[in-house]
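Below is one structure, written out as C-alpha cells, with a few remarks after it.
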Amino acid sequence: MFSSLEFFTIEAFRSLRRGTLMSSVAVVTIAVSLSIFGAFLLLIMNLSNIVGTVSSRLDLVAYTSQNLSLEDAGAIQIKIAKLPGVEHVEFTSKAEAWKKFKEDFGGKVDLGGALHDNPLPHTFAVRVRTPELLPVAAKAISDLGVIDEVRYSGKLIDRMKSLVSAVRVGGISLIALLSFATLLIVVNTIRLTVIARETDIYIMKLVGATNTFVKWPFIIEGLILGLIGGGASFLILKFSYESVAARLGAALPFLPVFNDQFALTVIYASLLIGGMGLGLIGGYISVSRALKNEG
Amino acid sequence: MIELKGVTKVFPSGIDALHDINLTIGKEEFVFLVGSSGAGKTTLMKLLYREEKPTAGKVVVDRVNVAELAPDQVPYLRRNIGVVFQDFKLLPKRTIYENVAFALRVTGAPRSTIRRKAMQALELVGMLRRANSFPDELSGGEKQRACIARAIVNNPPILLADEPTGNLDPTTSWDILQLLDKINKRNTTVVVATHNKSIVDEMKRRVVELEEGRLVRDQQLGMYSV
Ligand SMILES: Nc1ncnc2c1ncn2[C@@H]1O[C@H](COP(=O)(O)OP(=O)(O)OP(=O)(O)O)[C@@H](O)[C@H]1O
Ligand SMILES: [Mg+2]
C-alpha cells in the first residue's frame with residue numbers, strides 16, 4: 001500500500017507539471033474564494049464579538065433636568081436604588097461634574113468667558129444586575145419625571161444584531177456560490193488532465209488496474225491543488241487580518257477586536273481543510289465521470 | 001482453460017463479427033488464429049479479456065463466464081491474461097522498465113517484488129539492456145519484446161498475441177515466435193492471431209481459422225491454409 005501511495009503521489013505531481021497553467025488557475029481560484037470565505041468568517045466573528053461585549057454591559061447613565069436641587073436629587077437617588085433590578089447607584093452632582101470637566105479639558109480647550117455658569121446636570125450612574133434589565137430600569141428611571149435623558153447601549157445592540165444576521169445570511173449564500181464555482185473550476189482542471197491521459201488510463205485498465213487505482217492519482221492531484229490554494233488563502237488572511245486588527249486597535253481603541261487565538265486557529269485550519277475538501281471532491285468528480293463515460 | 005460456447009458478437013452498427021463460435025483451448029496449448037482481415041480474430045480476443053461482451057453465448061476463462069463478470073471483477077481477469085498488441089500500446093513518456101513495472105504496480109505489489117519481477121521479465125525477452133530507453137528509441141522488434149515482457153510480468157496463465165509480427169521483418173518475427181514458444185513451455189496458454197503464413201507453416205501447431213465470423217477450420221499440427 002505504501003509503495004502505491006508513493007506511486008500515486010508521483011503520478012499526481014507528474015500530471016501537475018504537465019498542466020501548469022490550468023493548475024495555477026485552479027489554485028488561484030481556490031485561494032481567492034477561501035480568502036473571501038475566511039474574511040466573512042472574521043467579519044462575523046468581530047461583529048458578534050462587539051455585540052457580545054456591548055450587550056454584556058450593565059451600566060446606564062441618567063441625566064437630571066438642569067434646575068433640580070441637591071435635596072431633590074438625593075430623594076431621586078433613593079427612589080432609583082429601590083427600583084427592581086438596580087444593584088448600585090452613584091450620584092455625581094453638577095458641581096462635581098463641572099469641576100471634573102474643567103480639570104479634564106480646562107488646560108486644553110480655551111473656554112473663554114462663554115462658560116461661567118455650569119451647564120451640566122446632575123448625573124446618576126446606575127448598574128443593573130443583568131443586561132436584560134437595562135431597558136426596564138431605563139424606562140422606570142425616565143418615568144420618575146425629573147430625569148431628562150437616560151443613555152445606554154441598547155439601540156446600538158439591536159442595530160448590530162440585525163447587521164450580524166444580515167452579514168451571516170449574505171455571507172453564507174456568497175460562500176455557497178463561490179464554493180460551487182470553485183468546484184467547477186477544479187473539476188474542469190482535472191478533467192483536462194484526465195483527457196490528456198486517456199490513453200494512459202486505457203492501457204492501465206488493459207493491464208488490470210481497478211477504477212480505484214486509476215482514480216487515486218487524480219484525487220491526490222486535486223488534493224495538492226486544494227492544499228496549495230488553501231495554504232495561500234491562509235497566509236493572505238492571517239497577515240492581512242493581523243495588520244488590519246493592529247491598525248483598527250490603534251485607531252479605535254475602544255472597539256473590541258476579535259483576537260481569540262484558538263478560534264483564529266480553527267478558522268485558519270478550516271481554510272486548509274476547505275481547500276483540501278474542494279480539491280479532493282473536484283478530483284473525484286472529474287475522474288469518476290471520465291471513467292463512467294468510458295464504461 | 002478457454003471455452004467459447006455458441007458465441008455471437010453483433011456490433012451496434014449491425015456488423016456480425018462472430019457467429020456461433022464453439023471452441024475449447026486447453027491449458028498449455030499453443031494456438032494460431034488465422035483468417036483474412038475482418039474475419040473476427042481481434043474481436044474474439046477482446047471477448048476473452050472483456051474489452052467486448054458477446055451478444056450471445058458463453059465465454060469461459062479459467063472456469064469463469066467472462067460474459068457475466070461484474071465490472072469490478074474485470075481488472076482481476078485481466079491480470080490473468082497477458083495481451084500483446086500489434087501496435088504495442090506502450091506508454092510513450094515512460095521507460096521500458098516503467099512500462100513493464102506498471103502492470104505490477106496496478107496489482108499493488110510491493111516495490112521489491114515489482115523490481116525483481118520486472119527485471120526477470122525483461123531478461124526473459126532479452127531487453128534488460130534497454131530497460132531505461134523510451135519506446136520512441138526502440139525498433140519495432142524491441143518494442144514488441146517490451147510489450148511481451150509487460151504481458152507476462154504477472155505470470156498470467158494465458159497470453160494473447162494479436163498480430164505480434166505485423167510490423168516486423170521475417171527474422172525478427174521468427175525471434176518473437178520463438179519467444180512466445182518459450183513462454184508457452186513455461187505452462188502458459190498462448191493464442192496468436194496472425195497473417196504470417198511462413199511462421200504458421202513452420203511451427204506446425206493447432207490452427208483455428210475464422211471466415212466472416214464463422215469458425216471454418218480447427219486442425220492440430222495445421223498449416224496456414226489448406
Ligand atoms: N468496435 C467495433 N464496432 C463496430 N464494428 C467493429 C468493431 N470492431 C470490429 N468491428 C467489425 O467486426 C469485424 C471483425 O473485426 P476484427 O477486428 O475482429 O477482424 P480481424 O480478424 O481482427 O481483422 P484483421 O486481421 O484485419 O485485424 C469487422 O468487420 C470489423 O469492421
Ligand atoms: Mg485484428
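Identifiers for the C-alpha cells are assigned positionally: chains receive A, B, ... in sequence, residues are indexed from 1 per chain, and ligands are indexed from 1 in the order shown.
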
Quick one: residues within 10 Å of Ile36 in chain A, only C-alpha atoms, excluding same-chain residues fewer than 3 positions away - as a compact mmCIF listing (two decimals) with all heavy atoms, in the first residue's frame?
```txt
# COMPACT_ATOMS: atom_id res chain seq x y z
N ALA A 31 -7.75 29.80 -3.77
CA ALA A 31 -7.21 30.75 -2.80
C ALA A 31 -8.15 31.95 -2.64
O ALA A 31 -8.45 32.37 -1.53
CB ALA A 31 -5.82 31.21 -3.23
N VAL A 32 -8.64 32.48 -3.78
CA VAL A 32 -9.50 33.67 -3.71
C VAL A 32 -10.80 33.34 -2.99
O VAL A 32 -11.21 34.05 -2.07
CB VAL A 32 -9.79 34.21 -5.14
CG1 VAL A 32 -10.91 35.24 -5.09
CG2 VAL A 32 -8.54 34.82 -5.73
N SER A 33 -11.43 32.24 -3.36
CA SER A 33 -12.74 32.01 -2.74
C SER A 33 -12.61 31.64 -1.27
O SER A 33 -13.43 32.04 -0.46
CB SER A 33 -13.56 30.98 -3.52
OG SER A 33 -12.82 29.83 -3.71
N ALA A 39 -12.57 35.85 5.20
CA ALA A 39 -12.81 37.25 5.54
C ALA A 39 -14.22 37.41 6.12
O ALA A 39 -14.41 38.13 7.10
CB ALA A 39 -12.64 38.12 4.29
N PHE A 40 -15.17 36.72 5.52
CA PHE A 40 -16.55 36.78 6.04
C PHE A 40 -16.62 36.22 7.45
O PHE A 40 -17.27 36.79 8.33
CB PHE A 40 -17.50 36.01 5.13
CG PHE A 40 -18.26 36.91 4.22
CD1 PHE A 40 -17.87 37.09 2.91
CD2 PHE A 40 -19.36 37.64 4.70
CE1 PHE A 40 -18.55 37.94 2.09
CE2 PHE A 40 -20.04 38.49 3.88
CZ PHE A 40 -19.64 38.65 2.56
N LEU A 41 -15.94 35.12 7.63
CA LEU A 41 -15.94 34.49 8.95
C LEU A 41 -15.38 35.46 9.99
O LEU A 41 -15.96 35.64 11.07
CB LEU A 41 -15.08 33.23 8.88
CG LEU A 41 -15.62 31.98 9.51
CD1 LEU A 41 -17.02 31.69 9.01
CD2 LEU A 41 -14.71 30.79 9.20
N LEU A 42 -14.29 36.12 9.65
CA LEU A 42 -13.66 37.05 10.60
C LEU A 42 -14.57 38.25 10.85
O LEU A 42 -14.69 38.73 11.99
CB LEU A 42 -12.31 37.52 10.06
CG LEU A 42 -11.21 36.46 10.12
CD1 LEU A 42 -9.97 36.93 9.37
CD2 LEU A 42 -10.87 36.12 11.56
N GLY A 171 -23.32 36.24 3.65
CA GLY A 171 -22.05 35.53 3.60
C GLY A 171 -22.24 34.08 3.22
O GLY A 171 -21.55 33.55 2.36
N LEU A 174 -23.14 33.78 -0.43
CA LEU A 174 -21.98 34.08 -1.28
C LEU A 174 -20.98 32.93 -1.24
O LEU A 174 -20.45 32.51 -2.27
CB LEU A 174 -21.32 35.37 -0.80
CG LEU A 174 -20.22 35.89 -1.70
CD1 LEU A 174 -20.80 36.36 -3.02
CD2 LEU A 174 -19.46 37.03 -1.04
N ILE A 175 -20.75 32.40 -0.03
CA ILE A 175 -19.78 31.32 0.11
C ILE A 175 -20.26 30.07 -0.62
O ILE A 175 -19.48 29.39 -1.29
CB ILE A 175 -19.53 31.03 1.61
CG1 ILE A 175 -18.69 32.18 2.19
CG2 ILE A 175 -18.81 29.71 1.81
CD1 ILE A 175 -18.72 32.25 3.69
N LEU A 178 -19.64 30.69 -4.27
CA LEU A 178 -18.20 30.65 -4.57
C LEU A 178 -17.67 29.21 -4.54
O LEU A 178 -16.89 28.82 -5.41
CB LEU A 178 -17.44 31.47 -3.54
CG LEU A 178 -17.31 32.95 -3.83
CD1 LEU A 178 -16.69 33.65 -2.64
CD2 LEU A 178 -16.44 33.15 -5.06
N SER A 233 -4.50 31.02 0.86
CA SER A 233 -5.54 31.85 1.47
C SER A 233 -5.27 32.00 2.97
O SER A 233 -5.53 33.06 3.54
CB SER A 233 -6.92 31.25 1.23
OG SER A 233 -7.09 30.10 2.01
N LEU A 237 -4.89 35.68 4.50
CA LEU A 237 -5.84 36.11 5.52
C LEU A 237 -5.15 36.41 6.85
O LEU A 237 -5.44 37.41 7.50
CB LEU A 237 -6.89 35.02 5.71
CG LEU A 237 -8.26 35.57 6.03
CD1 LEU A 237 -8.78 36.38 4.88
CD2 LEU A 237 -9.22 34.45 6.37
```

> Could you list, as a ChimeraX atom specification, every residue of chain A that has an atom within 10 Å of an atom of chain B, counting only C-alpha atoms?
Replying inline: /A:1-5,7,199-200,202-214,295

> Within 9 Å of ligand 2, counting only C-alpha atoms and all ligand atoms: which residues, as a VMD selection string?
Replying inline: chain B and resid 37 to 43 45 86 162 to 163 193 to 194

>> Please return as a PyMOL selection string the residues found within 12 Å of ligand 1, counting only C-alpha atoms and all ligand atoms.
In response: chain B and resi 8-19+33-47+51-53+85-87+161-164+166+192-196+208-215

>> Using Å and a single decimal, report how far CA of Ile158 in chain B sits from CA of Gln220 in chain B.
In response: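 For CA of Gln220 in chain B relative to CA of Ile158 in chain B, the distance reads 19.3 Å.
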
Any idea what's packed within 12 Å of Leu43 in chain A, counting only C-alpha atoms, ignoring anything in its chain fewer than 3 positions away? Could you give it as a short mmCIF file (atom, residue, chain, number, x, y, z; two decimals) with N, CA, C and O atoms, in the first residue's frame?
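What follows is the written file selection_8.cif:
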```
data_model
loop_
_atom_site.label_atom_id
_atom_site.label_comp_id
_atom_site.auth_asym_id
_atom_site.auth_seq_id
_atom_site.Cartn_x
_atom_site.Cartn_y
_atom_site.Cartn_z
N ILE A 36 -12.11 34.90 0.65
CA ILE A 36 -13.37 35.60 0.87
C ILE A 36 -14.17 34.91 1.97
O ILE A 36 -14.71 35.56 2.87
N PHE A 37 -14.17 33.61 1.93
CA PHE A 37 -14.84 32.82 2.97
C PHE A 37 -14.29 33.19 4.35
O PHE A 37 -15.03 33.52 5.28
N GLY A 38 -12.94 33.18 4.45
CA GLY A 38 -12.30 33.49 5.73
C GLY A 38 -12.58 34.92 6.18
O GLY A 38 -12.82 35.17 7.36
N ALA A 39 -12.57 35.85 5.20
CA ALA A 39 -12.81 37.25 5.54
C ALA A 39 -14.22 37.41 6.12
O ALA A 39 -14.41 38.13 7.10
N PHE A 40 -15.17 36.72 5.52
CA PHE A 40 -16.55 36.78 6.04
C PHE A 40 -16.62 36.22 7.45
O PHE A 40 -17.27 36.79 8.33
N ASN A 46 -16.07 39.26 14.43
CA ASN A 46 -15.84 40.58 15.03
C ASN A 46 -17.14 41.25 15.41
O ASN A 46 -17.26 41.82 16.51
N LEU A 47 -18.12 41.20 14.51
CA LEU A 47 -19.40 41.84 14.82
C LEU A 47 -20.05 41.17 16.02
O LEU A 47 -20.53 41.86 16.93
N SER A 48 -20.02 39.83 16.04
CA SER A 48 -20.61 39.13 17.18
C SER A 48 -19.88 39.49 18.46
O SER A 48 -20.48 39.63 19.53
N ASN A 49 -18.58 39.60 18.33
CA ASN A 49 -17.76 39.95 19.49
C ASN A 49 -18.14 41.32 20.04
O ASN A 49 -18.28 41.51 21.25
N ILE A 50 -18.33 42.28 19.11
CA ILE A 50 -18.71 43.63 19.55
C ILE A 50 -20.08 43.57 20.22
O ILE A 50 -20.27 44.10 21.32
N LEU A 163 -27.47 43.64 11.89
CA LEU A 163 -26.35 43.69 10.93
C LEU A 163 -25.66 42.33 10.88
O LEU A 163 -25.38 41.78 9.80
N VAL A 164 -25.40 41.75 12.05
CA VAL A 164 -24.71 40.46 12.10
C VAL A 164 -25.50 39.40 11.34
O VAL A 164 -24.95 38.66 10.53
N SER A 165 -26.84 39.37 11.55
CA SER A 165 -27.58 38.31 10.88
C SER A 165 -27.65 38.55 9.38
O SER A 165 -27.63 37.61 8.60
N ALA A 166 -27.68 39.84 8.97
CA ALA A 166 -27.66 40.13 7.53
C ALA A 166 -26.35 39.66 6.92
O ALA A 166 -26.31 39.01 5.87
N VAL A 167 -25.23 39.98 7.59
CA VAL A 167 -23.92 39.58 7.08
C VAL A 167 -23.84 38.05 7.02
O VAL A 167 -23.33 37.48 6.06
N ARG A 168 -24.41 37.41 8.03
CA ARG A 168 -24.37 35.96 8.07
C ARG A 168 -25.11 35.34 6.87
O ARG A 168 -24.59 34.50 6.17
N GLY A 170 -26.02 36.82 4.00
CA GLY A 170 -25.34 37.19 2.75
C GLY A 170 -24.08 36.38 2.58
O GLY A 170 -23.79 35.88 1.49
N GLY A 171 -23.32 36.24 3.65
CA GLY A 171 -22.05 35.53 3.60
C GLY A 171 -22.24 34.08 3.22
O GLY A 171 -21.55 33.55 2.36
N LEU A 237 -4.89 35.68 4.50
CA LEU A 237 -5.84 36.11 5.52
C LEU A 237 -5.15 36.41 6.85
O LEU A 237 -5.44 37.41 7.50
N TYR A 241 -5.29 40.10 8.20
CA TYR A 241 -6.09 40.31 9.42
C TYR A 241 -5.24 40.90 10.53
O TYR A 241 -5.65 41.82 11.23
N VAL A 244 -4.73 44.58 9.73
CA VAL A 244 -5.96 45.35 9.90
C VAL A 244 -6.31 45.47 11.38
O VAL A 244 -6.65 46.55 11.87
N ALA A 245 -6.17 44.35 12.11
CA ALA A 245 -6.50 44.36 13.54
C ALA A 245 -5.62 45.34 14.29
O ALA A 245 -6.09 46.09 15.15
N VAL A 257 -11.46 44.22 19.27
CA VAL A 257 -11.08 43.45 18.08
C VAL A 257 -11.00 41.97 18.45
O VAL A 257 -10.40 41.61 19.46
N PHE A 258 -11.64 41.14 17.61
CA PHE A 258 -11.67 39.71 17.86
C PHE A 258 -10.26 39.14 17.78
O PHE A 258 -9.58 39.28 16.77
N ASN A 259 -9.81 38.50 18.85
CA ASN A 259 -8.42 38.05 18.89
C ASN A 259 -8.26 36.77 19.69
O ASN A 259 -7.26 36.54 20.32
N LEU A 264 -9.17 31.69 16.06
CA LEU A 264 -8.46 32.08 14.83
C LEU A 264 -7.78 30.87 14.21
O LEU A 264 -7.83 30.67 13.00
N ILE A 267 -10.30 28.88 12.44
CA ILE A 267 -10.67 29.49 11.15
C ILE A 267 -9.59 29.22 10.10
O ILE A 267 -9.88 28.80 8.98
#
```

>> as an MDAnalysis selection string, please: every residue in range 37-73 of chain A that DSSP puts in strand (DSSP E or B).
In response: chainID A and resid 59:64

Keeping only N, CA and C atoms, write the selected residues as an mmCIF file, in the first residue's frame.
```
data_model
loop_
_atom_site.group_PDB
_atom_site.id
_atom_site.type_symbol
_atom_site.label_atom_id
_atom_site.label_comp_id
_atom_site.auth_asym_id
_atom_site.auth_seq_id
_atom_site.Cartn_x
_atom_site.Cartn_y
_atom_site.Cartn_z
ATOM 1 N N ASP A 59 -24.388 48.979 32.572
ATOM 2 C CA ASP A 59 -24.487 50.349 33.085
ATOM 3 C C ASP A 59 -25.376 51.236 32.239
ATOM 4 N N LEU A 60 -26.054 52.175 32.944
ATOM 5 C CA LEU A 60 -26.733 53.247 32.230
ATOM 6 C C LEU A 60 -26.463 54.547 32.965
ATOM 7 N N VAL A 61 -26.621 55.629 32.249
ATOM 8 C CA VAL A 61 -26.414 56.945 32.871
ATOM 9 C C VAL A 61 -27.708 57.734 32.724
ATOM 10 N N ALA A 62 -28.150 58.354 33.867
ATOM 11 C CA ALA A 62 -29.364 59.178 33.821
ATOM 12 C C ALA A 62 -28.984 60.628 34.120
ATOM 13 N N TYR A 63 -29.458 61.533 33.274
ATOM 14 C CA TYR A 63 -29.183 62.967 33.470
ATOM 15 C C TYR A 63 -30.453 63.624 33.982
ATOM 16 N N THR A 64 -30.314 64.404 35.065
ATOM 17 C CA THR A 64 -31.487 65.100 35.614
ATOM 18 C C THR A 64 -31.722 66.373 34.817
#
```

Spatial neighbours of Leu278 in chain A, 12 Å, only C-alpha atoms, chain gap at least 6 places, as a short mmCIF file (atom, residue, chain, number, x, y, z; two decimals) with N, CA and C atoms, in the first residue's frame:
```
data_model
loop_
_atom_site.label_atom_id
_atom_site.label_comp_id
_atom_site.auth_asym_id
_atom_site.auth_seq_id
_atom_site.Cartn_x
_atom_site.Cartn_y
_atom_site.Cartn_z
N ALA A 26 -6.58 27.01 -11.13
CA ALA A 26 -7.36 26.35 -10.08
C ALA A 26 -6.88 26.78 -8.69
N VAL A 27 -5.56 26.85 -8.52
CA VAL A 27 -5.02 27.24 -7.22
C VAL A 27 -5.46 28.66 -6.86
N THR A 29 -8.04 30.31 -7.97
CA THR A 29 -9.48 30.33 -7.70
C THR A 29 -9.78 29.84 -6.29
N ILE A 30 -9.16 28.74 -5.94
CA ILE A 30 -9.38 28.19 -4.60
C ILE A 30 -8.93 29.20 -3.55
N ALA A 31 -7.75 29.80 -3.77
CA ALA A 31 -7.21 30.75 -2.80
C ALA A 31 -8.15 31.95 -2.64
N SER A 33 -11.43 32.24 -3.36
CA SER A 33 -12.74 32.01 -2.74
C SER A 33 -12.61 31.64 -1.27
N LEU A 34 -11.53 30.95 -0.92
CA LEU A 34 -11.35 30.65 0.50
C LEU A 34 -11.00 31.91 1.29
N LEU A 178 -19.64 30.69 -4.27
CA LEU A 178 -18.20 30.65 -4.57
C LEU A 178 -17.67 29.21 -4.54
N SER A 179 -18.11 28.44 -3.54
CA SER A 179 -17.62 27.06 -3.44
C SER A 179 -18.02 26.28 -4.68
N PHE A 180 -19.25 26.52 -5.12
CA PHE A 180 -19.74 25.81 -6.30
C PHE A 180 -18.90 26.17 -7.52
N ALA A 181 -18.65 27.47 -7.70
CA ALA A 181 -17.85 27.92 -8.85
C ALA A 181 -16.44 27.34 -8.77
N THR A 182 -15.88 27.35 -7.57
CA THR A 182 -14.53 26.82 -7.39
C THR A 182 -14.49 25.33 -7.73
N LEU A 183 -15.50 24.63 -7.25
CA LEU A 183 -15.57 23.19 -7.51
C LEU A 183 -15.60 22.93 -9.01
N LEU A 184 -16.40 23.73 -9.73
CA LEU A 184 -16.49 23.56 -11.18
C LEU A 184 -15.13 23.75 -11.83
N ILE A 185 -14.40 24.76 -11.36
CA ILE A 185 -13.10 25.02 -11.97
C ILE A 185 -12.12 23.89 -11.67
N VAL A 186 -12.16 23.40 -10.43
CA VAL A 186 -11.27 22.27 -10.10
C VAL A 186 -11.64 21.05 -10.94
N VAL A 187 -12.95 20.78 -11.05
CA VAL A 187 -13.39 19.63 -11.84
C VAL A 187 -12.88 19.75 -13.27
N ILE A 219 -7.23 12.15 -7.68
CA ILE A 219 -7.75 12.66 -6.41
C ILE A 219 -6.62 13.35 -5.65
N ILE A 220 -5.44 12.75 -5.68
CA ILE A 220 -4.30 13.37 -4.99
C ILE A 220 -3.92 14.67 -5.69
N GLU A 221 -4.03 14.68 -7.01
CA GLU A 221 -3.76 15.92 -7.74
C GLU A 221 -4.68 17.03 -7.25
N GLY A 222 -5.97 16.72 -7.11
CA GLY A 222 -6.93 17.69 -6.59
C GLY A 222 -6.58 18.12 -5.18
N LEU A 223 -6.17 17.14 -4.39
CA LEU A 223 -5.81 17.42 -3.00
C LEU A 223 -4.64 18.40 -2.94
N ILE A 224 -3.65 18.19 -3.81
CA ILE A 224 -2.48 19.07 -3.81
C ILE A 224 -2.90 20.48 -4.23
N LEU A 225 -3.71 20.57 -5.30
CA LEU A 225 -4.20 21.89 -5.74
C LEU A 225 -4.91 22.59 -4.58
N GLY A 226 -5.78 21.84 -3.89
CA GLY A 226 -6.55 22.41 -2.80
C GLY A 226 -5.68 22.84 -1.64
N LEU A 227 -4.68 22.04 -1.36
CA LEU A 227 -3.78 22.34 -0.25
C LEU A 227 -2.99 23.62 -0.53
N ILE A 228 -2.50 23.76 -1.78
CA ILE A 228 -1.74 24.97 -2.13
C ILE A 228 -2.67 26.18 -2.07
N GLY A 229 -3.87 26.06 -2.66
CA GLY A 229 -4.84 27.16 -2.64
C GLY A 229 -5.24 27.53 -1.22
N GLY A 230 -5.52 26.50 -0.42
CA GLY A 230 -5.91 26.73 0.97
C GLY A 230 -4.77 27.36 1.76
N SER A 270 -9.63 25.74 9.02
CA SER A 270 -10.78 25.43 8.16
C SER A 270 -10.50 25.85 6.71
N LEU A 271 -9.63 26.84 6.51
CA LEU A 271 -9.26 27.21 5.14
C LEU A 271 -8.48 26.07 4.49
N LEU A 272 -7.53 25.53 5.24
CA LEU A 272 -6.74 24.42 4.68
C LEU A 272 -7.63 23.21 4.41
N TYR A 284 -12.19 13.86 -7.54
CA TYR A 284 -13.00 12.65 -7.55
C TYR A 284 -14.10 12.72 -8.61
N ILE A 285 -14.81 13.87 -8.63
CA ILE A 285 -15.92 14.01 -9.59
C ILE A 285 -15.41 13.88 -11.02
#
```

> Taking the backbone alone, and naming residues the way the document does, which bits of range 72-251 of chain A are helix (DSSP H, G or I) by DSSP, as a ChimeraX atom specification?
Replying inline: /A:72-82,94-105,133-142,154-196,198-206,211-251

> Hey, what's within 8 Å of Leu23 in chain B if we count only C-alpha atoms and toss same-chain stuff fewer than 5 positions away? As a ChimeraX atom specification, please?
Replying inline: /B:2-5
